[in-house]
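Source file: target38.cif. Holds: mmCIF, C-alpha atoms.
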data_run
#
loop_
_atom_site.label_atom_id
_atom_site.label_comp_id
_atom_site.auth_asym_id
_atom_site.auth_seq_id
_atom_site.Cartn_x
_atom_site.Cartn_y
_atom_site.Cartn_z
CA MET A 1 73.40 101.10 137.21
CA THR A 2 70.07 102.53 136.12
CA LEU A 3 69.41 104.55 133.01
CA MET A 4 68.65 107.63 135.22
CA ARG A 5 72.23 107.65 136.50
CA LEU A 6 73.85 107.58 133.06
CA PRO A 7 75.39 110.80 131.68
CA LEU A 8 73.04 112.80 129.49
CA LEU A 9 75.18 112.25 126.37
CA LEU A 10 75.09 108.49 126.89
CA VAL A 11 71.31 108.55 127.41
CA THR A 12 71.03 110.37 124.10
CA ALA A 13 73.28 107.82 122.41
CA LEU A 14 71.23 104.92 123.71
CA ALA A 15 68.13 106.47 122.19
CA LEU A 16 69.60 106.63 118.66
CA THR A 17 68.51 103.76 116.45
CA ALA A 18 71.71 103.80 114.42
CA ALA A 19 74.03 104.83 117.22
CA CYS A 20 77.47 103.53 118.06
CA SER A 21 76.25 102.61 121.57
CA ARG A 22 75.84 100.07 124.34
CA ASN A 23 74.54 100.19 127.91
CA THR A 24 77.62 100.33 130.14
CA SER A 25 76.35 97.73 132.61
CA GLN A 26 75.72 95.36 129.70
CA ASN A 27 79.35 95.78 128.67
CA GLN A 28 80.51 94.80 132.12
CA ASN A 29 78.44 91.62 132.15
CA GLN A 30 78.63 90.52 128.52
CA GLY A 31 82.15 89.06 128.63
CA ALA A 32 83.20 87.29 125.44
CA ASP A 33 79.99 88.36 123.67
CA ASP A 34 81.58 91.77 123.06
CA GLY A 35 83.13 90.20 119.95
CA SER A 36 86.66 89.02 120.68
CA LYS A 37 89.08 88.11 123.42
CA ALA A 38 91.06 91.22 122.42
CA THR A 39 88.34 93.49 123.87
CA THR A 40 89.59 95.42 126.90
CA LYS A 41 87.24 96.46 129.72
CA LYS A 42 88.21 99.14 132.21
CA ALA A 43 87.08 99.35 135.81
CA GLU A 44 84.60 102.13 135.19
CA GLY A 45 82.82 99.97 132.62
CA ARG A 46 84.37 101.53 129.51
CA VAL A 47 84.95 99.18 126.58
CA VAL A 48 88.02 99.53 124.34
CA LEU A 49 88.03 97.77 120.97
CA GLN A 50 91.36 97.15 119.25
CA ASN A 51 91.27 98.07 115.54
CA LYS A 52 94.49 97.32 113.62
CA GLY A 53 95.75 96.99 110.07
CA SER A 54 95.67 98.74 106.71
CA ASP A 55 97.53 102.04 106.34
CA THR A 56 95.12 102.85 103.51
CA LEU A 57 92.26 102.79 106.01
CA VAL A 58 94.04 104.17 109.07
CA ASN A 59 92.97 107.81 108.60
CA VAL A 60 89.29 107.00 108.09
CA ALA A 61 89.45 104.43 110.93
CA GLN A 62 90.72 107.16 113.25
CA ALA A 63 87.95 109.48 112.07
CA TRP A 64 85.36 106.77 112.74
CA ALA A 65 86.81 106.21 116.20
CA GLU A 66 86.66 109.91 117.06
CA ALA A 67 83.09 110.29 115.79
CA CYS A 68 81.92 107.19 117.65
CA LYS A 69 83.46 108.49 120.88
CA THR A 70 81.32 111.63 120.72
CA VAL A 71 78.16 109.51 120.40
CA ASN A 72 78.99 107.02 123.15
CA PRO A 73 81.75 107.87 125.68
CA ALA A 74 81.46 104.33 127.10
CA LEU A 75 82.97 102.86 123.92
CA ALA A 76 86.50 103.66 122.72
CA ILE A 77 88.28 102.42 119.59
CA ALA A 78 92.07 102.11 119.67
CA VAL A 79 93.34 102.43 116.07
CA THR A 80 96.79 101.43 114.81
CA GLY A 81 98.15 100.89 111.28
CA GLY A 82 101.03 98.72 110.16
CA GLY A 83 99.50 97.18 107.04
CA SER A 84 96.72 94.75 106.19
CA GLY A 85 98.84 91.72 107.00
CA THR A 86 99.64 93.11 110.43
CA GLY A 87 95.95 93.63 111.19
CA ILE A 88 94.92 90.17 110.03
CA SER A 89 97.73 88.58 112.06
CA ALA A 90 96.56 90.50 115.13
CA LEU A 91 93.00 89.24 114.59
CA ILE A 92 94.25 85.67 114.29
CA ASN A 93 96.43 86.02 117.41
CA GLY A 94 93.59 87.52 119.42
CA THR A 95 95.11 90.99 119.86
CA ALA A 96 92.61 92.81 117.61
CA ASP A 97 88.83 92.92 117.57
CA LEU A 98 88.69 94.36 114.03
CA ALA A 99 91.31 94.07 111.29
CA ASN A 100 91.36 96.73 108.57
CA SER A 101 92.42 95.38 105.18
CA SER A 102 92.73 96.79 101.68
CA ARG A 103 92.82 93.28 100.22
CA SER A 104 91.11 89.94 100.77
CA ILE A 105 92.49 87.53 103.31
CA THR A 106 94.85 84.95 101.77
CA PRO A 107 94.47 81.15 101.88
CA LYS A 108 97.62 80.99 104.02
CA GLU A 109 96.11 83.43 106.53
CA MET A 110 92.84 81.48 106.54
CA ALA A 111 94.76 78.29 107.34
CA ALA A 112 96.60 80.04 110.19
CA ALA A 113 93.29 81.37 111.52
CA LYS A 114 91.80 77.88 111.50
CA GLN A 115 94.75 76.60 113.52
CA HIS A 116 94.02 79.29 116.11
CA GLY A 117 90.30 78.51 116.18
CA VAL A 118 89.42 81.78 114.45
CA THR A 119 86.93 82.12 111.58
CA PRO A 120 87.57 85.51 109.90
CA LYS A 121 84.40 87.24 108.70
CA GLU A 122 84.73 89.81 105.91
CA HIS A 123 82.82 93.11 105.92
CA THR A 124 83.02 95.63 103.06
CA VAL A 125 83.19 99.15 104.53
CA GLY A 126 84.00 101.17 101.40
CA PHE A 127 85.78 101.28 98.04
CA ASP A 128 89.05 102.82 96.90
CA ALA A 129 90.66 103.72 93.61
CA LEU A 130 94.35 102.77 93.74
CA ALA A 131 95.92 105.77 92.01
CA VAL A 132 99.26 106.04 90.22
CA PHE A 133 101.14 109.17 91.31
CA LEU A 134 103.61 111.21 89.27
CA HIS A 135 105.50 114.39 90.11
CA LYS A 136 103.40 117.45 89.22
CA ASN A 137 105.87 118.39 86.44
CA ASN A 138 105.74 114.98 84.77
CA PRO A 139 103.99 115.48 81.39
CA ILE A 140 102.49 111.98 81.20
CA LYS A 141 98.69 112.15 81.28
CA GLU A 142 97.83 108.49 80.75
CA LEU A 143 99.36 105.07 81.35
CA SER A 144 98.22 101.57 80.46
CA LEU A 145 98.24 98.53 82.72
CA GLU A 146 100.82 97.01 80.37
CA GLN A 147 103.11 100.02 80.77
CA LEU A 148 102.81 99.87 84.55
CA ALA A 149 103.61 96.16 84.53
CA ASP A 150 106.64 96.88 82.37
CA ILE A 151 107.80 99.50 84.88
CA TYR A 152 107.19 97.54 88.08
CA GLY A 153 107.33 93.88 87.04
CA GLU A 154 110.37 91.63 87.22
CA LYS A 155 110.12 90.94 83.48
CA GLY A 156 109.71 94.61 82.61
CA LYS A 157 112.14 96.51 80.42
CA THR A 158 111.01 100.11 80.91
CA GLU A 159 113.63 101.91 83.01
CA LYS A 160 113.77 105.40 81.44
CA TRP A 161 111.08 108.03 80.97
CA SER A 162 112.33 108.54 77.42
CA GLN A 163 111.16 104.99 76.65
CA LEU A 164 107.65 106.34 77.25
CA GLY A 165 108.30 109.26 74.90
CA VAL A 166 108.69 112.03 77.47
CA LYS A 167 111.34 114.21 79.05
CA VAL A 168 110.57 114.99 82.67
CA PRO A 169 111.65 118.44 83.90
CA GLY A 170 114.10 118.13 86.80
CA CYS A 171 114.84 114.46 86.04
CA ASP A 172 118.23 114.81 84.38
CA SER A 173 119.07 111.11 84.80
CA ASP A 174 115.92 110.08 82.86
CA GLU A 175 115.70 107.15 85.33
CA ILE A 176 112.28 105.95 86.46
CA VAL A 177 112.45 105.88 90.27
CA ARG A 178 109.93 103.26 91.36
CA ILE A 179 108.19 103.93 94.68
CA SER A 180 106.38 100.94 96.14
CA ARG A 181 105.02 99.66 99.47
CA GLN A 182 106.37 97.12 101.91
CA ASN A 183 105.18 93.57 101.31
CA ASN A 184 102.92 93.44 104.40
CA SER A 185 100.75 96.12 102.80
CA GLY A 186 97.41 95.28 101.22
CA THR A 187 98.13 98.00 98.67
CA TYR A 188 101.32 96.17 97.67
CA VAL A 189 99.41 92.89 97.27
CA TYR A 190 96.49 94.37 95.35
CA PHE A 191 98.71 96.31 92.92
CA LYS A 192 100.65 93.11 92.28
CA GLU A 193 97.46 91.18 91.50
CA ALA A 194 95.70 93.87 89.46
CA VAL A 195 98.68 95.24 87.53
CA LEU A 196 101.48 92.66 87.41
CA GLY A 197 99.14 89.71 87.08
CA GLU A 198 99.05 86.23 88.55
CA GLY A 199 102.43 84.59 89.07
CA ASN A 200 104.43 87.76 88.40
CA GLU A 201 106.69 89.44 90.93
CA TYR A 202 107.95 92.96 91.49
CA ARG A 203 111.28 94.02 90.05
CA PHE A 204 114.07 94.55 92.59
CA GLY A 205 115.33 98.04 93.26
CA SER A 206 112.16 99.93 94.20
CA ARG A 207 112.01 102.21 97.20
CA ASP A 208 109.53 100.49 99.51
CA MET A 209 107.69 102.84 101.83
CA HIS A 210 105.96 102.03 105.10
CA GLY A 211 102.80 104.08 104.53
CA SER A 212 100.65 105.53 101.76
CA LYS A 213 101.43 109.11 102.79
CA ASP A 214 105.15 108.33 102.56
CA VAL A 215 104.71 107.21 98.94
CA VAL A 216 102.99 110.45 97.92
CA ASP A 217 105.44 112.63 99.85
CA LEU A 218 108.45 111.02 98.16
CA VAL A 219 106.92 111.26 94.68
CA ALA A 220 106.19 114.95 95.34
CA LYS A 221 109.87 115.56 96.13
CA THR A 222 111.28 113.37 93.32
CA PRO A 223 110.75 114.49 89.69
CA CYS A 224 111.88 111.08 88.38
CA ALA A 225 109.46 109.11 90.56
CA VAL A 226 106.32 107.08 90.03
CA GLY A 227 104.33 105.59 92.91
CA TYR A 228 100.97 104.07 93.74
CA SER A 229 98.64 104.41 96.70
CA GLY A 230 95.05 105.13 97.70
CA LEU A 231 93.29 108.00 95.96
CA ALA A 232 92.59 109.68 99.30
CA TYR A 233 96.30 110.48 99.75
CA ALA A 234 96.55 112.72 96.65
CA THR A 235 98.03 116.21 97.15
CA PRO A 236 98.50 119.22 94.84
CA GLU A 237 102.20 118.33 94.56
CA VAL A 238 101.47 115.18 92.52
CA HIS A 239 99.18 114.32 89.64
CA MET A 240 97.34 111.13 88.72
CA PRO A 241 97.28 109.90 85.11
CA CYS A 242 94.21 108.11 83.83
CA ILE A 243 94.70 104.36 83.35
CA LYS A 244 93.90 102.70 80.05
CA THR A 245 91.69 99.65 80.16
CA LYS A 246 92.01 96.73 77.76
CA ASP A 247 89.39 98.27 75.47
CA GLY A 248 91.52 101.41 75.14
CA LYS A 249 89.39 103.67 77.34
CA CYS A 250 91.40 105.81 79.77
CA VAL A 251 89.68 106.16 83.14
CA ALA A 252 90.70 108.59 85.87
CA PRO A 253 90.66 107.47 89.52
CA SER A 254 87.69 108.87 91.45
CA MET A 255 85.07 107.85 93.99
CA GLU A 256 82.57 107.34 91.18
CA THR A 257 84.84 105.15 89.05
CA ALA A 258 85.81 103.14 92.13
CA VAL A 259 82.19 102.33 92.95
CA ASP A 260 81.17 101.43 89.40
CA ARG A 261 84.50 99.56 88.97
CA SER A 262 85.18 101.26 85.63
CA TYR A 263 88.56 102.30 86.98
CA PRO A 264 90.78 99.25 86.40
CA ILE A 265 92.61 99.44 89.74
CA ALA A 266 89.59 99.84 92.04
CA ARG A 267 89.18 97.69 95.13
CA PRO A 268 86.87 97.09 98.08
CA LEU A 269 88.05 97.98 101.58
CA PHE A 270 87.38 95.50 104.38
CA MET A 271 87.11 95.06 108.09
CA TYR A 272 87.53 91.51 109.37
CA THR A 273 86.08 90.15 112.61
CA SER A 274 86.57 86.85 114.38
CA GLY A 275 83.39 85.08 113.35
CA GLU A 276 80.04 86.85 113.24
CA PRO A 277 80.42 90.15 115.12
CA LYS A 278 78.65 90.40 118.47
CA GLY A 279 78.12 92.97 121.17
CA SER A 280 80.14 96.17 120.90
CA VAL A 281 81.96 94.96 117.78
CA LYS A 282 78.67 94.42 115.95
CA GLU A 283 77.23 97.74 117.04
CA TYR A 284 80.37 99.59 115.95
CA LEU A 285 80.31 97.93 112.52
CA ASP A 286 76.58 98.61 112.19
CA TRP A 287 77.25 102.28 112.95
CA ILE A 288 80.09 102.46 110.37
CA LEU A 289 77.58 101.32 107.71
CA THR A 290 75.00 103.96 108.62
CA ASP A 291 74.82 107.11 106.50
CA LYS A 292 76.72 108.99 109.21
CA GLY A 293 79.58 106.47 109.23
CA GLN A 294 79.69 106.18 105.45
CA CYS A 295 79.68 109.96 104.99
CA ILE A 296 82.89 110.01 107.03
CA ILE A 297 84.67 107.64 104.62
CA VAL A 298 83.44 109.74 101.68
CA ASP A 299 84.76 112.88 103.39
CA LYS A 300 88.17 111.19 103.61
CA GLY A 301 88.27 110.65 99.84
CA TYR A 302 86.98 107.09 99.50
CA ALA A 303 83.73 105.73 98.08
CA SER A 304 80.93 104.46 100.31
CA ALA A 305 80.04 100.79 100.58
CA LYS A 306 76.42 101.52 99.66
CA PRO A 307 74.24 104.39 98.36
CA ILE A 308 74.00 107.12 101.01
CA LYS A 309 72.84 110.68 101.57
CA CYS A 310 75.28 113.13 103.11
CA LYS A 311 74.55 116.67 104.22
#
Represent the structure from my file as structure tokens, please.
Amino acid sequence: MTLMRLPLLLVTALALTAACSRNTSQNQNQGADDGSKATTKKAEGRVVLQNKGSDTLVNVAQAWAEACKTVNPALAIAVTGGGSGTGISALINGTADLANSSRSITPKEMAAAKQHGVTPKEHTVGFDALAVFLHKNNPIKELSLEQLADIYGEKGKTEKWSQLGVKVPGCDSDEIVRISRQNNSGTYVYFKEAVLGEGNEYRFGSRDMHGSKDVVDLVAKTPCAVGYSGLAYATPEVHMPCIKTKDGKCVAPSMETAVDRSYPIARPLFMYTSGEPKGSVKEYLDWILTDKGQCIIVDKGYASAKPIKCK
């Protein structure tokens, strides 16, 4: 296939220096160099990359996939959630080209990858502030890490809102209803590390939700509830208290405080590849880290991985 026969949109994409693009005939002949054995090639030369994992990242990953498709119709990104652990497992098993994760890969996962002949490579694609969500009528404006650990941790003793000195309108039972995430979630793992501390486990009895949106939706409907999730999932029906650091400063979750790490529950967001990315996988990741790709993650409520300029 010559360049003259390519669709006009694809010719334009190939001319962009920071484009999410590849020559279709190269895709057909490259084979394993496209990045992973999970890569699917269709008869007409279209390349489909499998992108799985973090529910925190799933919305921005879908936005990236849609934007990339408009630049290069020859490259499609199939995005699914399920949690960071699900994505990393898929990468290890060869059913994903890119694994989205809101936490670092664990030693156990690295050992499993080695057994499968996979060397996971970590790429930071943005930053997130892990917010604590309260019902909009909850009068609490600030919480400390110690208070959160006492609410969520197995050794904690805080079970009533009155123990924190407040009466919550609509919460007649005074019970603190703990909303959490399922244990395959990177959000679950990071909150455990950053708030509960090393060696500490969650208290039994929380309501464990499948996705970040589910956490926020349930808190919005439950005056007694407290939950945690990515900042990007905030709605007008909930509010986010500032979190006290060890020096007594109370910092609100925001893109700015996530990037400068002044917010005590801020975290990097990752994509993992099998070894150094090649072919279509590399070009897609390169495009994500351009200003255009990074402005998309900012538009979704996260912080960029690097300084950028957005229109």
Exercise. Please return, as a ChimeraX atom specification, all polymer residues that have at least one atom within 12 Å of the point (94.6, 97.6, 106.1); use all atoms listed in the file and the file's own coordinate frame.
Key: /A:51-61,79-90,98-105,125,128,184-190,211-212,230,268-272
Exercise. Would you kindly translate the PyMOL selection byres ((chain A and resi 254) around 10) into the concrete residues it picks from this file, as a list of chain:residue names?
Key: A:Asp128, A:Ala129, A:Leu130, A:Ala131, A:Leu231, A:Ala232, A:Val251, A:Ala252, A:Pro253, A:Met255, A:Glu256, A:Thr257, A:Ala258, A:Val259, A:Ser262, A:Tyr263, A:Ala266, A:Gly301, A:Tyr302, A:Ala303
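With CA of Gly275 (chain A) on one side and CA of Val118 (chain A) on the other, the separation reads 7.0 Å.
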Practice problem: With a distance cut-off of 12 Å and all atoms listed in the file, select the neighbouring residues of region 220-222 of chain A, excluding the residue or stretch itself and same-chain residues fewer than 6 positions from it, and output the selection as a ChimeraX atom specification. | Solution: /A:133-138,168-179,207,213-214,233-240
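Nearest to Asp299 (chain A) of all the residues A:Ala63, A:Val48, A:Ala96, A:Leu148 is A:Ala63, based on all atoms listed in the file.
Once Lys192 (chain A) and its same-chain neighbours fewer than 3 positions away are set aside, Ala149, Tyr152, Gly153, Gly186, Thr187, Tyr188, Val189, Val195, Leu196, Gly197, Glu198, Gly199, Asn200, Glu201 and Tyr202 of chain A remain within 10 Å of it when counting only C-alpha atoms.
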Quiz item: Which neighbours of Leu145 (chain A) fall inside 8 Å, counting all atoms listed in the file, when residues of the same chain fewer than 6 positions from it are skipped, and could you give them as a PyMOL selection string?
Solution: chain A and resi 195+243-245
Selection from above, C-alpha atoms, as a PDB file, in the frame of the given file, can you write it?
ATOM      1  CA  VAL A 195      98.680  95.240  87.530  1.00  0.00           C
ATOM      2  CA  ILE A 243      94.700 104.360  83.350  1.00  0.00           C
ATOM      3  CA  LYS A 244      93.900 102.700  80.050  1.00  0.00           C
ATOM      4  CA  THR A 245      91.690  99.650  80.160  1.00  0.00           C
TER       5      THR A 245
END
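Note that the spacing between CA of Leu143 (chain A) and CA of Lys249 (chain A) amounts to 10.8 Å.
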Given the file shown, enumerate the residues that the PyMOL selection byres ((chain A and resi 116) around 12) captures and present them as a short mmCIF file (atom, residue, chain, number, x, y, z; two decimals) with C-alpha atoms, in the frame of the given file.
data_model
loop_
_atom_site.label_atom_id
_atom_site.label_comp_id
_atom_site.auth_asym_id
_atom_site.auth_seq_id
_atom_site.Cartn_x
_atom_site.Cartn_y
_atom_site.Cartn_z
CA SER A 89 97.73 88.58 112.06
CA ALA A 90 96.56 90.50 115.13
CA LEU A 91 93.00 89.24 114.59
CA ILE A 92 94.25 85.67 114.29
CA ASN A 93 96.43 86.02 117.41
CA GLY A 94 93.59 87.52 119.42
CA GLU A 109 96.11 83.43 106.53
CA MET A 110 92.84 81.48 106.54
CA ALA A 111 94.76 78.29 107.34
CA ALA A 112 96.60 80.04 110.19
CA ALA A 113 93.29 81.37 111.52
CA LYS A 114 91.80 77.88 111.50
CA GLN A 115 94.75 76.60 113.52
CA GLY A 117 90.30 78.51 116.18
CA VAL A 118 89.42 81.78 114.45
CA THR A 119 86.93 82.12 111.58
CA PRO A 120 87.57 85.51 109.90
CA SER A 274 86.57 86.85 114.38
#
Quiz item: Could you pull the residues within 12 Å of Tyr284 (chain A), counting only C-alpha atoms, minus those fewer than 2 positions along the same chain, as a count of residues only?
Solution: 40
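Atom pair CA of Ile265 (chain A) / CA of Lys311 (chain A) has a distance of 28.9 Å (rounded to one decimal).
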